[in-house]
>>> print(open('coords_17.tsv').read())   # TSV, N, CA and C atoms
chain	number	residue	atom	x	y	z
A	1241	MET	N	-302.80	20.80	119.59
A	1241	MET	CA	-301.98	19.67	119.97
A	1241	MET	C	-300.57	20.09	120.35
A	1242	GLY	N	-300.37	21.41	120.52
A	1242	GLY	CA	-299.06	21.88	120.90
A	1242	GLY	C	-299.12	23.32	121.36
A	1243	ASN	N	-297.97	23.84	121.78
A	1243	ASN	CA	-297.90	25.25	122.17
A	1243	ASN	C	-296.45	25.71	122.08
A	1244	ILE	N	-296.30	27.02	122.18
A	1244	ILE	CA	-294.97	27.62	122.13
A	1244	ILE	C	-294.87	28.69	123.21
A	1245	HIS	N	-293.70	28.76	123.81
A	1245	HIS	CA	-293.38	29.83	124.76
A	1245	HIS	C	-292.04	30.40	124.32
A	1246	TRP	N	-291.98	31.72	124.20
A	1246	TRP	CA	-290.74	32.36	123.76
A	1246	TRP	C	-290.33	33.45	124.71
A	1247	ASP	N	-289.04	33.73	124.67
A	1247	ASP	CA	-288.44	34.81	125.45
A	1247	ASP	C	-287.71	35.69	124.45
A	1248	SER	N	-288.32	36.81	124.12
A	1248	SER	CA	-287.75	37.71	123.11
A	1248	SER	C	-286.38	38.23	123.52
A	1249	ASP	N	-286.21	38.54	124.80
A	1249	ASP	CA	-284.93	39.08	125.26
A	1249	ASP	C	-283.81	38.05	125.12
A	1250	ALA	N	-284.10	36.82	125.51
A	1250	ALA	CA	-283.08	35.76	125.43
A	1250	ALA	C	-283.00	35.14	124.04
A	1251	LYS	N	-283.98	35.48	123.18
A	1251	LYS	CA	-284.05	34.94	121.82
A	1251	LYS	C	-284.09	33.41	121.85
A	1252	THR	N	-285.00	32.91	122.69
A	1252	THR	CA	-285.20	31.47	122.78
A	1252	THR	C	-286.69	31.17	122.66
A	1253	ALA	N	-286.98	29.95	122.26
A	1253	ALA	CA	-288.37	29.50	122.18
A	1253	ALA	C	-288.40	28.01	122.47
A	1254	LYS	N	-289.51	27.58	123.06
A	1254	LYS	CA	-289.71	26.16	123.34
A	1254	LYS	C	-291.06	25.77	122.77
A	1255	ILE	N	-291.05	24.80	121.87
A	1255	ILE	CA	-292.28	24.30	121.28
A	1255	ILE	C	-292.53	22.91	121.86
A	1256	ARG	N	-293.77	22.70	122.29
A	1256	ARG	CA	-294.16	21.38	122.79
A	1256	ARG	C	-295.26	20.85	121.88
A	1257	ILE	N	-295.14	19.58	121.51
A	1257	ILE	CA	-296.13	18.91	120.67
A	1257	ILE	C	-296.54	17.62	121.37
A	1258	LEU	N	-297.82	17.32	121.29
A	1258	LEU	CA	-298.33	16.10	121.90
A	1258	LEU	C	-297.55	14.89	121.40
A	1259	ASP	N	-297.21	14.00	122.28
A	1259	ASP	CA	-296.48	12.79	121.92
A	1259	ASP	C	-297.33	11.93	120.98
A	1260	ALA	N	-296.69	11.32	120.02
A	1260	ALA	CA	-297.40	10.49	119.04
A	1260	ALA	C	-298.23	9.40	119.69
A	1261	SER	N	-297.77	8.88	120.82
A	1261	SER	CA	-298.50	7.80	121.50
A	1261	SER	C	-299.82	8.28	122.09
A	1262	GLU	N	-299.99	9.60	122.22
A	1262	GLU	CA	-301.22	10.16	122.78
A	1262	GLU	C	-302.30	10.39	121.72
A	1263	TYR	N	-301.93	10.31	120.46
A	1263	TYR	CA	-302.90	10.48	119.38
A	1263	TYR	C	-303.77	9.23	119.27
A	1264	ARG	N	-304.98	9.41	118.78
A	1264	ARG	CA	-305.90	8.30	118.55
A	1264	ARG	C	-306.24	8.20	117.07
A	1265	THR	N	-305.24	8.48	116.22
A	1265	THR	CA	-305.42	8.44	114.78
A	1265	THR	C	-304.40	7.49	114.17
A	1266	GLU	N	-304.57	7.23	112.88
A	1266	GLU	CA	-303.61	6.40	112.16
A	1266	GLU	C	-302.23	7.07	112.20
A	1267	TYR	N	-301.20	6.26	112.10
A	1267	TYR	CA	-299.82	6.74	112.21
A	1267	TYR	C	-299.53	7.87	111.23
A	1268	ARG	N	-299.89	7.68	109.96
A	1268	ARG	CA	-299.62	8.70	108.94
A	1268	ARG	C	-300.34	10.01	109.26
A	1269	ASP	N	-301.60	9.92	109.72
A	1269	ASP	CA	-302.36	11.11	110.09
A	1269	ASP	C	-301.75	11.79	111.31
A	1270	THR	N	-301.24	10.98	112.23
A	1270	THR	CA	-300.57	11.52	113.42
A	1270	THR	C	-299.35	12.34	113.02
A	1271	LEU	N	-298.53	11.79	112.13
A	1271	LEU	CA	-297.33	12.52	111.69
A	1271	LEU	C	-297.69	13.81	110.96
A	1272	LYS	N	-298.72	13.76	110.14
A	1272	LYS	CA	-299.15	14.97	109.43
A	1272	LYS	C	-299.63	16.03	110.42
A	1273	ASP	N	-300.36	15.61	111.45
A	1273	ASP	CA	-300.84	16.58	112.43
A	1273	ASP	C	-299.68	17.16	113.24
A	1274	MET	N	-298.73	16.33	113.58
A	1274	MET	CA	-297.57	16.81	114.34
A	1274	MET	C	-296.79	17.83	113.51
A	1275	GLU	N	-296.63	17.57	112.20
A	1275	GLU	CA	-295.94	18.50	111.33
A	1275	GLU	C	-296.72	19.81	111.23
A	1276	PHE	N	-298.05	19.71	111.06
A	1276	PHE	CA	-298.89	20.90	111.00
A	1276	PHE	C	-298.74	21.72	112.28
A	1277	THR	N	-298.76	21.04	113.42
A	1277	THR	CA	-298.64	21.72	114.71
A	1277	THR	C	-297.31	22.45	114.82
A	1278	LEU	N	-296.22	21.81	114.40
A	1278	LEU	CA	-294.90	22.46	114.45
A	1278	LEU	C	-294.87	23.71	113.59
A	1279	VAL	N	-295.37	23.61	112.36
A	1279	VAL	CA	-295.38	24.77	111.46
A	1279	VAL	C	-296.27	25.87	112.05
A	1280	HIS	N	-297.43	25.49	112.57
A	1280	HIS	CA	-298.35	26.45	113.20
A	1280	HIS	C	-297.65	27.22	114.32
A	1281	GLU	N	-296.94	26.51	115.18
A	1281	GLU	CA	-296.26	27.15	116.31
A	1281	GLU	C	-295.10	28.02	115.83
A	1282	LEU	N	-294.39	27.61	114.79
A	1282	LEU	CA	-293.33	28.44	114.24
A	1282	LEU	C	-293.88	29.73	113.65
A	1283	ILE	N	-295.07	29.67	113.09
A	1283	ILE	CA	-295.71	30.89	112.59
A	1283	ILE	C	-296.02	31.83	113.75
A	1284	HIS	N	-296.49	31.29	114.87
A	1284	HIS	CA	-296.71	32.13	116.05
A	1284	HIS	C	-295.41	32.84	116.45
A	1285	LEU	N	-294.31	32.12	116.37
A	1285	LEU	CA	-293.01	32.73	116.71
A	1285	LEU	C	-292.70	33.87	115.76
A	1286	GLU	N	-292.95	33.67	114.48
A	1286	GLU	CA	-292.70	34.72	113.49
A	1286	GLU	C	-293.59	35.94	113.75
A	1287	LEU	N	-294.81	35.71	114.21
A	1287	LEU	CA	-295.74	36.81	114.48
A	1287	LEU	C	-295.57	37.42	115.87
A	1288	SER	N	-294.64	36.91	116.64
A	1288	SER	CA	-294.51	37.33	118.04
A	1288	SER	C	-294.19	38.81	118.23
A	1289	GLY	N	-293.66	39.45	117.22
A	1289	GLY	CA	-293.33	40.87	117.32
A	1289	GLY	C	-294.53	41.79	117.12
A	1290	LEU	N	-295.65	41.23	116.67
A	1290	LEU	CA	-296.84	42.04	116.45
A	1290	LEU	C	-297.57	42.31	117.76
A	1291	PRO	N	-298.31	43.41	117.85
A	1291	PRO	CA	-299.11	43.65	119.06
A	1291	PRO	C	-300.12	42.52	119.24
A	1292	ARG	N	-300.34	42.14	120.49
A	1292	ARG	CA	-301.23	41.01	120.78
A	1292	ARG	C	-302.18	41.38	121.89
A	1293	THR	N	-303.45	41.07	121.67
A	1293	THR	CA	-304.47	41.27	122.70
A	1293	THR	C	-305.30	39.99	122.79
A	1294	ASP	N	-306.12	39.91	123.83
A	1294	ASP	CA	-307.03	38.77	123.93
A	1294	ASP	C	-307.95	38.72	122.72
A	1295	ALA	N	-308.37	39.88	122.26
A	1295	ALA	CA	-309.29	39.96	121.13
A	1295	ALA	C	-308.62	39.50	119.83
A	1296	SER	N	-307.32	39.74	119.68
A	1296	SER	CA	-306.64	39.36	118.44
A	1296	SER	C	-306.19	37.89	118.44
A	1297	HIS	N	-306.29	37.24	119.58
A	1297	HIS	CA	-305.81	35.86	119.70
A	1297	HIS	C	-306.53	34.93	118.71
A	1298	ARG	N	-307.83	35.03	118.61
A	1298	ARG	CA	-308.60	34.17	117.71
A	1298	ARG	C	-308.17	34.40	116.26
A	1299	ASP	N	-308.01	35.67	115.89
A	1299	ASP	CA	-307.57	35.99	114.53
A	1299	ASP	C	-306.18	35.44	114.24
A	1300	GLU	N	-305.29	35.53	115.23
A	1300	GLU	CA	-303.94	35.01	115.05
A	1300	GLU	C	-303.96	33.49	114.88
A	1301	GLU	N	-304.78	32.81	115.67
A	1301	GLU	CA	-304.90	31.35	115.55
A	1301	GLU	C	-305.40	30.97	114.15
A	1302	ASN	N	-306.41	31.68	113.67
A	1302	ASN	CA	-306.95	31.40	112.35
A	1302	ASN	C	-305.89	31.65	111.28
A	1303	ALA	N	-305.18	32.76	111.39
A	1303	ALA	CA	-304.13	33.08	110.42
A	1303	ALA	C	-303.03	32.02	110.44
A	1304	ALA	N	-302.62	31.59	111.62
A	1304	ALA	CA	-301.57	30.57	111.74
A	1304	ALA	C	-302.04	29.26	111.12
A	1305	ASP	N	-303.29	28.89	111.34
A	1305	ASP	CA	-303.84	27.68	110.72
A	1305	ASP	C	-303.81	27.78	109.19
A	1306	GLN	N	-304.27	28.91	108.67
A	1306	GLN	CA	-304.33	29.09	107.23
A	1306	GLN	C	-302.93	29.09	106.61
A	1307	MET	N	-302.00	29.78	107.23
A	1307	MET	CA	-300.64	29.82	106.69
A	1307	MET	C	-299.95	28.46	106.79
A	1308	ALA	N	-300.13	27.77	107.90
A	1308	ALA	CA	-299.52	26.44	108.05
A	1308	ALA	C	-300.07	25.49	106.99
A	1309	GLY	N	-301.37	25.52	106.79
A	1309	GLY	CA	-301.97	24.67	105.76
A	1309	GLY	C	-301.43	24.98	104.38
A	1310	ALA	N	-301.32	26.26	104.06
A	1310	ALA	CA	-300.82	26.67	102.75
A	1310	ALA	C	-299.37	26.25	102.56
A	1311	LEU	N	-298.53	26.43	103.57
A	1311	LEU	CA	-297.12	26.05	103.46
A	1311	LEU	C	-296.97	24.54	103.28
A	1312	LEU	N	-297.76	23.78	103.99
A	1312	LEU	CA	-297.66	22.33	103.87
A	1312	LEU	C	-298.20	21.83	102.53
A	1313	ARG	N	-299.20	22.49	101.99
A	1313	ARG	CA	-299.69	22.12	100.66
A	1313	ARG	C	-298.63	22.38	99.60
A	1314	LEU	N	-297.80	23.38	99.79
A	1314	LEU	CA	-296.70	23.63	98.86
A	1314	LEU	C	-295.72	22.46	98.87
A	1315	ASP	N	-295.53	21.88	100.03
A	1315	ASP	CA	-294.59	20.77	100.19
A	1315	ASP	C	-295.20	19.43	99.77
A	1316	ARG	N	-296.53	19.31	99.92
A	1316	ARG	CA	-297.25	18.07	99.62
A	1316	ARG	C	-298.34	18.30	98.60
A	1317	PRO	N	-298.01	18.34	97.33
A	1317	PRO	CA	-299.07	18.53	96.33
A	1317	PRO	C	-300.12	17.44	96.47
A	1318	GLN	N	-301.38	17.85	96.26
A	1318	GLN	CA	-302.48	16.88	96.45
A	1318	GLN	C	-302.87	16.20	95.18
>>> encode(input="coords_17.tsv", output="structure tokens")
Amino acid sequence: MGNIHWDSDAKTAKIRILDASEYRTEYRDTLKDMEFTLVHELIHLELSGLPRTDASHRDEENAADQMAGALLRLDRPQ
């Protein structure tokens, strides 16, 4: 539901997240997903210095999902 583009030389990044009006879920679920997406994309930024290949992309996505979920669970005890 989002993506990130960064420029290491300029030390800038742009994160895009799907607009809330485009979601087809309840408002609270929409906000939770938007937050998850932001954290997920920030993790990609943190990992941007690592070597990246097409083959490692799936592993990076899985790792970003797992880390984002873990970080948000720390903030939102269940």
>>> select_by_dssp(input="coords_17.tsv", residues="chain A", states="strand (DSSP E)", output="PyMOL selection string")
chain A and resi 1242-1247+1252-1257
>>> atom_distance(input="coords_17.tsv", atom1="atom CA of A:Pro1291", atom2="atom CA of A:Gly1242")
21.8 Å
>>> atom_distance(input="coords_17.tsv", atom1="atom N of A:Leu1285", atom2="atom N of A:Arg1316")
21.0 Å
>>> atom_distance(input="coords_17.tsv", atom1="atom C of A:Thr1252", atom2="atom N of A:Met1307")
21.8 Å
>>> closest_residue(input="coords_17.tsv", among="A:Met1274, A:Ala1303, A:Ala1295, A:Met1241", to="A:Arg1256", atoms="all atoms listed in the file")
A:Met1241
>>> axis_aligned_box(input="coords_17.tsv", around="stretch 1308-1311 of chain A", padding_each_side="6 Å", output="lines of an AutoDock Vina configuration file")
center_x = -299.5
center_y = 26.2
center_z = 105.3
size_x = 17.0
size_y = 15.2
size_z = 17.5
>>> closest_residue(input="coords_17.tsv", among="A:Glu1266, A:Glu1275, A:Glu1281, A:Glu1300", to="A:Arg1313", atoms="only C-alpha atoms")
A:Glu1275
>>> build_atoms(input="coords_17.tsv", residues="stretch 1248-1261 of chain A", atoms="N, CA, C and O atoms", output="mmCIF file, keeping the file's coordinate frame")
data_model
loop_
_atom_site.group_PDB
_atom_site.id
_atom_site.type_symbol
_atom_site.label_atom_id
_atom_site.label_comp_id
_atom_site.auth_asym_id
_atom_site.auth_seq_id
_atom_site.Cartn_x
_atom_site.Cartn_y
_atom_site.Cartn_z
ATOM 1 N N SER A 1248 -288.320 36.810 124.120
ATOM 2 C CA SER A 1248 -287.750 37.710 123.110
ATOM 3 C C SER A 1248 -286.380 38.230 123.520
ATOM 4 O O SER A 1248 -285.482 38.363 122.680
ATOM 5 N N ASP A 1249 -286.210 38.540 124.800
ATOM 6 C CA ASP A 1249 -284.930 39.080 125.260
ATOM 7 C C ASP A 1249 -283.810 38.050 125.120
ATOM 8 O O ASP A 1249 -282.710 38.376 124.691
ATOM 9 N N ALA A 1250 -284.100 36.820 125.510
ATOM 10 C CA ALA A 1250 -283.080 35.760 125.430
ATOM 11 C C ALA A 1250 -283.000 35.140 124.040
ATOM 12 O O ALA A 1250 -282.091 34.362 123.756
ATOM 13 N N LYS A 1251 -283.980 35.480 123.180
ATOM 14 C CA LYS A 1251 -284.050 34.940 121.820
ATOM 15 C C LYS A 1251 -284.090 33.410 121.850
ATOM 16 O O LYS A 1251 -283.340 32.727 121.146
ATOM 17 N N THR A 1252 -285.000 32.910 122.690
ATOM 18 C CA THR A 1252 -285.200 31.470 122.780
ATOM 19 C C THR A 1252 -286.690 31.170 122.660
ATOM 20 O O THR A 1252 -287.540 32.029 122.927
ATOM 21 N N ALA A 1253 -286.980 29.950 122.260
ATOM 22 C CA ALA A 1253 -288.370 29.500 122.180
ATOM 23 C C ALA A 1253 -288.400 28.010 122.470
ATOM 24 O O ALA A 1253 -287.443 27.276 122.177
ATOM 25 N N LYS A 1254 -289.510 27.580 123.060
ATOM 26 C CA LYS A 1254 -289.710 26.160 123.340
ATOM 27 C C LYS A 1254 -291.060 25.770 122.770
ATOM 28 O O LYS A 1254 -292.091 26.350 123.130
ATOM 29 N N ILE A 1255 -291.050 24.800 121.870
ATOM 30 C CA ILE A 1255 -292.280 24.300 121.280
ATOM 31 C C ILE A 1255 -292.530 22.910 121.860
ATOM 32 O O ILE A 1255 -291.625 22.065 121.888
ATOM 33 N N ARG A 1256 -293.770 22.700 122.290
ATOM 34 C CA ARG A 1256 -294.160 21.380 122.790
ATOM 35 C C ARG A 1256 -295.260 20.850 121.880
ATOM 36 O O ARG A 1256 -296.182 21.583 121.509
ATOM 37 N N ILE A 1257 -295.140 19.580 121.510
ATOM 38 C CA ILE A 1257 -296.130 18.910 120.670
ATOM 39 C C ILE A 1257 -296.540 17.620 121.370
ATOM 40 O O ILE A 1257 -295.693 16.915 121.931
ATOM 41 N N LEU A 1258 -297.820 17.320 121.290
ATOM 42 C CA LEU A 1258 -298.330 16.100 121.900
ATOM 43 C C LEU A 1258 -297.550 14.890 121.400
ATOM 44 O O LEU A 1258 -297.256 14.793 120.197
ATOM 45 N N ASP A 1259 -297.210 14.000 122.280
ATOM 46 C CA ASP A 1259 -296.480 12.790 121.920
ATOM 47 C C ASP A 1259 -297.330 11.930 120.980
ATOM 48 O O ASP A 1259 -298.543 11.830 121.150
ATOM 49 N N ALA A 1260 -296.690 11.320 120.020
ATOM 50 C CA ALA A 1260 -297.400 10.490 119.040
ATOM 51 C C ALA A 1260 -298.230 9.400 119.690
ATOM 52 O O ALA A 1260 -299.303 9.037 119.194
ATOM 53 N N SER A 1261 -297.770 8.880 120.820
ATOM 54 C CA SER A 1261 -298.500 7.800 121.500
ATOM 55 C C SER A 1261 -299.820 8.280 122.090
ATOM 56 O O SER A 1261 -300.690 7.474 122.415
#
